[in-house]
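Encoded as structure tokens, the structure appears first; notes follow it.
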Amino acid sequence: MTGKPLQRLVHKSKQRLLIAVVCGLVGIEFLESGMFVFASSHILGAIGAAPQEFALAQMSYAVGNMLMIVLQQWLTRHFGYRQYLVLALALFGLGDLACATAVNLTELVAARMLVGMGAGAFFLSTRVLIPLLFAPALRPLASRWFMLTVFAIGVVAPVLSATLVDGAGWQWVFWIVLPLTALLALGVQRLMPRHLGKSTQPVRWSWMSLALFALAAVAVQWAFSEARYELFDRPDLLALAVLVGVTLLGLFSLHQWRHNEPLLHLRDLTDPAFLVGLGLYAAYYFIVNLSNYLFPQFAQQGLRIPVLTTGWLNSFAGVVTFAAVLLYMRYAAKVTDKRALMIAGCLCMATAAWWMASLPPDAPLSALYGVLAIKGLFGVLMILPVAALTWRALGDSRLAKGYQAKNVMRQMMVSLASATGAVALENGRVAQYKELASRINPSNPTAVQWIDTLQQHFEHLGMAAPQAHEAAMSQLSALVSTQAVFMAGQHLYRVIAVIAALAAVAVAVQRKLR
């Protein structure tokens with residue numbers, strides 16, 4: 001084979017490898033983030049951090065992520081996509097290396113900011129690169145594999161994270177990402193066109209707008225993460241942080257609206273259908289990330305399900321989602337009014353959350369398969385129609401600008417959902433523990449009898465009376481702690497059910513996306 005046939009074969013092979021690199025970039029972000037969230041309680045426990053301090057780690061990740069997103073157009077115009085993505089992969093890898101070697105919360109928070117800065121380049125850039133890298137005939141294939149990669153990670157991340165934590169240790173959640181990062185950097189360096197996205201004119205840097213956004217993001221994210229401590233002790237300080245953050249965001253938005261070369265092109269994103277779609281995106285990201293944070297905590301600490309089994313259960317929901325994606329791609333075109341699919345998706349999540357809130361504390365594993373299957377339909381039925389209709393409203397010319405704004409919003413919702421989950425679950429656990437513990441006193445004959453029976457059991461095993469009593473009280477404390485997490489988790493699931501039901505109502509009454 002010589003001449004043009006060989007050139008066509010080489011070009012086709014290069015294009016297929018480029019699709020793999022693009023999918024790998026978005027996949028590694030979702031994989032690393034998904035594994036970290038699933039293993040968060042083990043990671044925080046290993047470095048001596050409290051569960052609610054997960055919000056600080058997520059705050060740091062979100063700030064780094066959003067900074068990279070708003071810098072994306074500047075940096076790609078200055079460096080080109082190839083150098084920009086290699087730089088992002090280097091930051092991502094350094095951050096994961098720092099996460100794996102962190103020994104306290106401060107080090108983990110700093111490391112997560114590096115990871116967030118690197119990851120902020122991936123989802124936005126890869127979606128924008130599809131029409132830039134591939135001819136029209138190949139774009140549907142690239143888009144299809146892009147979407148399948150995102151949902152396939154939902155199958156892989158939980159069970160891989162659980163396997164690593166259970167077998168090799170929590171550090172391997174980060175170690176395993178490093179060779180994948182190096183491989184992707186090599187692929188970007190070898191396959192990405194050198195000057196793609198690079199401006200022939202000097203890039204004008206406006207540091208005022210960046211400083212405004214950075215300060216606003218830090219203030220808002222700090223309010224998210226510190227609500228647990230400040231809400232009751234110093235509500236004035238919390239309110240001030242929120243006010244400062246919102247004011248700075250307003251000033252940033254006004255600056256961007258008036259600027260000729262803005263970081264975010266807000267003037268081009270006023271289409272009503274796009275704004276409605278952005279709102280539905282926000283609802284989806286909040287609900288799904290709150291649920292993703294809650295389930296492993298609820299299953300492991302409330303239902304006493306082993307970490308590996310929890311990972312498999314999470315991945316089972318991912319399998320249902322992936323199968324639903326394939327069916328959606330095949331049959332969704334036959335549904336003329338996509339609102340029906342979106343409403344069905346929201347109602348699936350509401351039903352699944354209410355089902356979880358109604359489980360008995362001794363529920364068998366078989367009781368979880370149905371609820372997880374229903375939950376697995378939410379992402380497909382809700383977000384895929386929203387995505388298709390939202391970007392259709394903008395068109396190809398404004399796709400990059402819209403995706404940039406949407407990804408800033410996405411990261412804020414991810415951070416808010418994680419902070420809400422960590423704070424609400426811990427607050428609920430403490431309140432429920434106090435309530436349950438108050439019932440264990442000499443005036444409660446059931447509690448006294450239970451302690452006496454357990455103490456006698458330990459004495460029969462050869463313990464002296466004082467040690468047997470201490471062991472009985474320790475076991476009772478563990479039981480009360482488990483029940484407290486279970487009850488707090490069920491309360492939070494009821495909140496998710498209400499939010500999902502309200503989202504269904506919002507979808508039904510809006511008329512812009514159909």
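Going by the structure tokens order, chains are called A, B, ..., each with residues numbered from 1, while ligands are numbered from 1 in the order shown.
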Report task. Please provide as a count of residues only all residues within 9 Å of Asn292 (chain A), with the sequence filter that same-chain residues fewer than 4 positions apart are discarded (counting only C-alpha atoms). Result -> 8
Report task. Might you pull out every residue within 12 Å of Ile176 (chain A), with only C-alpha atoms counted and same-chain residues fewer than 6 positions away left off, and present them as a list of chain:residue names? Result ->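 So the residues in contact are A:Ile28, A:Leu31, A:Glu32, A:Met35, A:Gly93, A:Asp96, A:Leu97, A:Cys99, A:Ala100, A:Ala157, A:Leu160, A:Ser161, A:Thr163, A:Leu164, A:Val165, A:Ala168, A:Gly169, A:Trp170, A:Ala182.
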Grab the residues selected above and save them as a short mmCIF file (atom, residue, chain, number, x, y, z; two decimals), in the first residue's frame with all heavy atoms.
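Written out: result_9.cif:
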```cif
data_model
loop_
_atom_site.label_atom_id
_atom_site.label_comp_id
_atom_site.auth_asym_id
_atom_site.auth_seq_id
_atom_site.Cartn_x
_atom_site.Cartn_y
_atom_site.Cartn_z
N ILE A 28 -10.50 11.03 32.59
CA ILE A 28 -9.61 11.04 33.75
C ILE A 28 -10.09 12.03 34.80
O ILE A 28 -9.93 11.81 36.01
CB ILE A 28 -8.16 11.33 33.31
CG1 ILE A 28 -7.19 10.85 34.40
CG2 ILE A 28 -7.95 12.81 33.02
CD1 ILE A 28 -5.75 10.87 33.97
N LEU A 31 -13.03 10.25 36.48
CA LEU A 31 -12.54 9.10 37.23
C LEU A 31 -11.91 9.54 38.54
O LEU A 31 -12.24 9.02 39.62
CB LEU A 31 -11.53 8.33 36.39
CG LEU A 31 -10.87 7.12 37.08
CD1 LEU A 31 -11.90 6.02 37.34
CD2 LEU A 31 -9.71 6.58 36.24
N GLU A 32 -11.01 10.51 38.47
CA GLU A 32 -10.31 10.95 39.68
C GLU A 32 -11.28 11.58 40.68
O GLU A 32 -11.24 11.29 41.88
CB GLU A 32 -9.22 11.96 39.29
CG GLU A 32 -8.14 12.17 40.34
CD GLU A 32 -8.47 13.24 41.36
OE1 GLU A 32 -9.50 13.94 41.20
OE2 GLU A 32 -7.71 13.39 42.33
N MET A 35 -13.60 8.83 42.20
CA MET A 35 -12.92 7.99 43.19
C MET A 35 -12.67 8.76 44.48
O MET A 35 -12.80 8.20 45.58
CB MET A 35 -11.60 7.47 42.60
CG MET A 35 -11.75 6.45 41.51
SD MET A 35 -10.24 5.50 41.19
CE MET A 35 -9.12 6.82 40.71
N GLY A 93 -1.31 16.03 37.47
CA GLY A 93 -0.45 14.98 37.99
C GLY A 93 0.27 15.38 39.27
O GLY A 93 0.36 14.59 40.23
N ASP A 96 -2.23 15.24 42.12
CA ASP A 96 -2.50 13.87 42.58
C ASP A 96 -1.33 13.29 43.35
O ASP A 96 -1.52 12.55 44.33
CB ASP A 96 -2.85 12.97 41.39
CG ASP A 96 -4.34 12.89 41.16
OD1 ASP A 96 -5.07 12.59 42.11
OD2 ASP A 96 -4.79 13.16 40.04
N LEU A 97 -0.12 13.60 42.93
CA LEU A 97 1.07 13.17 43.68
C LEU A 97 1.05 13.78 45.08
O LEU A 97 1.34 13.09 46.07
CB LEU A 97 2.33 13.60 42.92
CG LEU A 97 3.67 13.25 43.58
CD1 LEU A 97 3.84 11.74 43.70
CD2 LEU A 97 4.82 13.85 42.77
N CYS A 99 -1.64 14.78 46.70
CA CYS A 99 -2.74 14.14 47.44
C CYS A 99 -2.30 12.80 48.04
O CYS A 99 -2.61 12.48 49.20
CB CYS A 99 -3.94 13.91 46.53
SG CYS A 99 -4.88 15.39 46.09
N ALA A 100 -1.59 12.01 47.25
CA ALA A 100 -1.17 10.69 47.71
C ALA A 100 -0.19 10.76 48.87
O ALA A 100 -0.11 9.83 49.68
CB ALA A 100 -0.54 9.92 46.54
N ALA A 157 -15.55 4.08 38.32
CA ALA A 157 -14.96 4.82 39.43
C ALA A 157 -15.30 4.27 40.81
O ALA A 157 -14.40 4.07 41.64
CB ALA A 157 -15.35 6.30 39.34
N LEU A 160 -13.67 0.69 41.40
CA LEU A 160 -12.21 0.80 41.40
C LEU A 160 -11.73 1.49 42.69
O LEU A 160 -10.77 1.04 43.32
CB LEU A 160 -11.75 1.59 40.17
CG LEU A 160 -10.23 1.82 40.05
CD1 LEU A 160 -9.49 0.48 40.01
CD2 LEU A 160 -9.91 2.64 38.80
N SER A 161 -12.40 2.56 43.08
CA SER A 161 -12.05 3.25 44.32
C SER A 161 -12.19 2.33 45.53
O SER A 161 -11.31 2.26 46.39
CB SER A 161 -12.93 4.48 44.50
OG SER A 161 -12.58 5.20 45.67
N THR A 163 -12.12 -0.96 45.58
CA THR A 163 -11.12 -2.03 45.51
C THR A 163 -9.76 -1.53 45.99
O THR A 163 -9.06 -2.21 46.75
CB THR A 163 -11.01 -2.55 44.07
OG1 THR A 163 -12.29 -3.03 43.64
CG2 THR A 163 -10.00 -3.69 43.98
N LEU A 164 -9.39 -0.33 45.56
CA LEU A 164 -8.10 0.24 45.96
C LEU A 164 -8.06 0.54 47.46
O LEU A 164 -7.07 0.21 48.14
CB LEU A 164 -7.82 1.51 45.17
CG LEU A 164 -7.58 1.32 43.66
CD1 LEU A 164 -7.56 2.65 42.94
CD2 LEU A 164 -6.29 0.55 43.40
N VAL A 165 -9.11 1.14 47.99
CA VAL A 165 -9.15 1.46 49.42
C VAL A 165 -9.13 0.19 50.26
O VAL A 165 -8.41 0.09 51.26
CB VAL A 165 -10.41 2.29 49.74
CG1 VAL A 165 -10.63 2.39 51.24
CG2 VAL A 165 -10.28 3.69 49.14
N ALA A 168 -5.34 -1.98 48.62
CA ALA A 168 -4.01 -1.39 48.55
C ALA A 168 -3.82 -0.18 49.46
O ALA A 168 -2.70 0.18 49.80
CB ALA A 168 -3.69 -0.99 47.11
N GLY A 169 -4.91 0.48 49.84
CA GLY A 169 -4.80 1.69 50.66
C GLY A 169 -5.31 2.90 49.90
O GLY A 169 -5.30 2.94 48.67
N TRP A 170 -5.77 3.92 50.65
CA TRP A 170 -6.40 5.08 50.03
C TRP A 170 -5.46 5.84 49.10
O TRP A 170 -5.92 6.48 48.15
CB TRP A 170 -6.94 6.02 51.10
CG TRP A 170 -5.89 6.64 51.99
CD1 TRP A 170 -5.43 6.16 53.16
CD2 TRP A 170 -5.17 7.86 51.74
NE1 TRP A 170 -4.46 7.00 53.68
CE2 TRP A 170 -4.29 8.05 52.83
CE3 TRP A 170 -5.19 8.81 50.71
CZ2 TRP A 170 -3.44 9.15 52.91
CZ3 TRP A 170 -4.34 9.90 50.80
CH2 TRP A 170 -3.48 10.07 51.89
N ALA A 182 0.29 10.63 32.51
CA ALA A 182 1.50 10.67 31.67
C ALA A 182 1.20 10.20 30.26
O ALA A 182 1.67 10.78 29.27
CB ALA A 182 2.60 9.83 32.31
#
```
Report task. Looking only at helix (DSSP H, G or I) from DSSP on the backbone, list the matching residues of region 64-280 of chain A as a PyMOL selection string. Result -> chain A and resi 64-79+81-100+105-119+122-133+139-167+172-175+177-191+207-233+235-258+266-268+272-280
Query raised in the report: What is the CA of Ala216 (chain A) to CA of Arg112 (chain A) distance in Å?
Result: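 Atom-to-atom, CA of Ala216 (chain A) and CA of Arg112 (chain A) are spaced 18.9 Å apart.
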Do you know which residues are at most 12 Å from Arg77 (chain A) counting only C-alpha atoms, after dropping those on the same chain fewer than 6 positions away, and could you put them as a compact mmCIF listing (two decimals) with N, CA and C atoms, in the first residue's frame?
```txt
# COMPACT_ATOMS: atom_id res chain seq x y z
N LEU A 71 -9.80 31.15 32.76
CA LEU A 71 -8.56 31.48 32.05
C LEU A 71 -8.42 30.74 30.73
N GLN A 83 -0.06 22.94 24.11
CA GLN A 83 0.73 23.31 25.29
C GLN A 83 -0.15 23.54 26.51
N TYR A 84 -1.34 24.11 26.28
CA TYR A 84 -2.28 24.37 27.38
C TYR A 84 -2.69 23.07 28.07
N HIS A 195 -0.38 24.41 16.63
CA HIS A 195 -0.81 25.80 16.78
C HIS A 195 -2.33 25.93 16.90
N LEU A 196 -3.03 24.82 17.11
CA LEU A 196 -4.49 24.87 17.21
C LEU A 196 -4.92 25.78 18.36
N GLY A 197 -5.75 26.78 18.05
CA GLY A 197 -6.27 27.68 19.06
C GLY A 197 -5.36 28.85 19.39
N LYS A 198 -4.13 28.84 18.91
CA LYS A 198 -3.17 29.89 19.26
C LYS A 198 -3.43 31.13 18.42
N SER A 199 -3.47 32.29 19.09
CA SER A 199 -3.74 33.55 18.41
C SER A 199 -2.48 34.07 17.73
N THR A 200 -2.67 34.67 16.56
CA THR A 200 -1.54 35.29 15.86
C THR A 200 -1.25 36.68 16.41
N GLN A 201 -2.20 37.20 17.19
CA GLN A 201 -2.02 38.51 17.81
C GLN A 201 -1.69 38.34 19.29
N PRO A 202 -0.97 39.31 19.88
CA PRO A 202 -0.68 39.22 21.32
C PRO A 202 -1.97 39.19 22.14
N VAL A 203 -1.96 38.40 23.18
CA VAL A 203 -3.13 38.28 24.05
C VAL A 203 -3.10 39.38 25.10
N ARG A 204 -4.21 40.08 25.21
CA ARG A 204 -4.32 41.15 26.20
C ARG A 204 -4.78 40.56 27.53
N TRP A 205 -3.97 40.73 28.54
CA TRP A 205 -4.27 40.17 29.86
C TRP A 205 -4.92 41.23 30.74
N GLU A 261 -12.85 42.23 25.52
CA GLU A 261 -12.25 40.89 25.47
C GLU A 261 -12.42 40.23 26.83
N LEU A 263 -13.33 37.51 29.96
CA LEU A 263 -13.06 36.11 30.30
C LEU A 263 -14.28 35.25 30.01
```
Requested in this report: Identify which of the residues A:Leu183, A:Leu191, A:Ala121, A:Val507 lies closest to Gln15 (chain A), counting only C-alpha atoms when measuring atom-to-atom distances.
Outcome: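 Of A:Leu183, A:Leu191, A:Ala121, A:Val507, the one nearest Gln15 (chain A), counting only C-alpha atoms, is A:Leu191.
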**Report entry** Option closest in space to Ala62 (chain A), from A:Pro136, A:Gly27, A:Gly120, A:Gly95 [counting only C-alpha atoms]
**Finding:**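 Checking each of A:Pro136, A:Gly27, A:Gly120, A:Gly95 against Ala62 (chain A), counting only C-alpha atoms, the winner is A:Gly120.
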**Report entry** Residue contacts of Leu89 (chain A) (8 Å, only C-alpha atoms) excluding same-chain residues fewer than 4 positions away, as a PyMOL selection string
**Finding:** chain A and resi 85+93+118-119+181-182+184-185
File dump, residues just selected, N, CA, C and O atoms, as a CSV table (one decimal), in the first residue's frame:
```csv
chain,number,residue,atom,x,y,z
A,85,LEU,N,-3.0,22.0,27.3
A,85,LEU,CA,-3.5,20.8,27.9
A,85,LEU,C,-2.3,20.0,28.5
A,85,LEU,O,-2.5,19.3,29.5
A,93,GLY,N,-1.3,16.0,37.5
A,93,GLY,CA,-0.4,15.0,38.0
A,93,GLY,C,0.3,15.4,39.3
A,93,GLY,O,0.4,14.6,40.2
A,118,GLY,N,-5.8,21.7,37.2
A,118,GLY,CA,-5.5,20.9,36.0
A,118,GLY,C,-6.8,20.4,35.4
A,118,GLY,O,-7.0,20.5,34.2
A,119,ALA,N,-7.7,19.8,36.2
A,119,ALA,CA,-8.9,19.3,35.7
A,119,ALA,C,-9.8,20.3,35.1
A,119,ALA,O,-10.6,19.9,34.2
A,181,THR,N,-2.2,9.8,33.4
A,181,THR,CA,-2.0,11.2,33.1
A,181,THR,C,-0.8,11.4,32.2
A,181,THR,O,-0.8,12.2,31.3
A,182,ALA,N,0.3,10.6,32.5
A,182,ALA,CA,1.5,10.7,31.7
A,182,ALA,C,1.2,10.2,30.3
A,182,ALA,O,1.7,10.8,29.3
A,184,LEU,N,-1.7,10.3,28.7
A,184,LEU,CA,-2.5,11.3,28.0
A,184,LEU,C,-1.6,12.5,27.6
A,184,LEU,O,-1.8,13.1,26.5
A,185,ALA,N,-0.7,12.9,28.4
A,185,ALA,CA,0.2,14.0,28.1
A,185,ALA,C,1.0,13.7,26.8
A,185,ALA,O,1.2,14.5,25.9
```
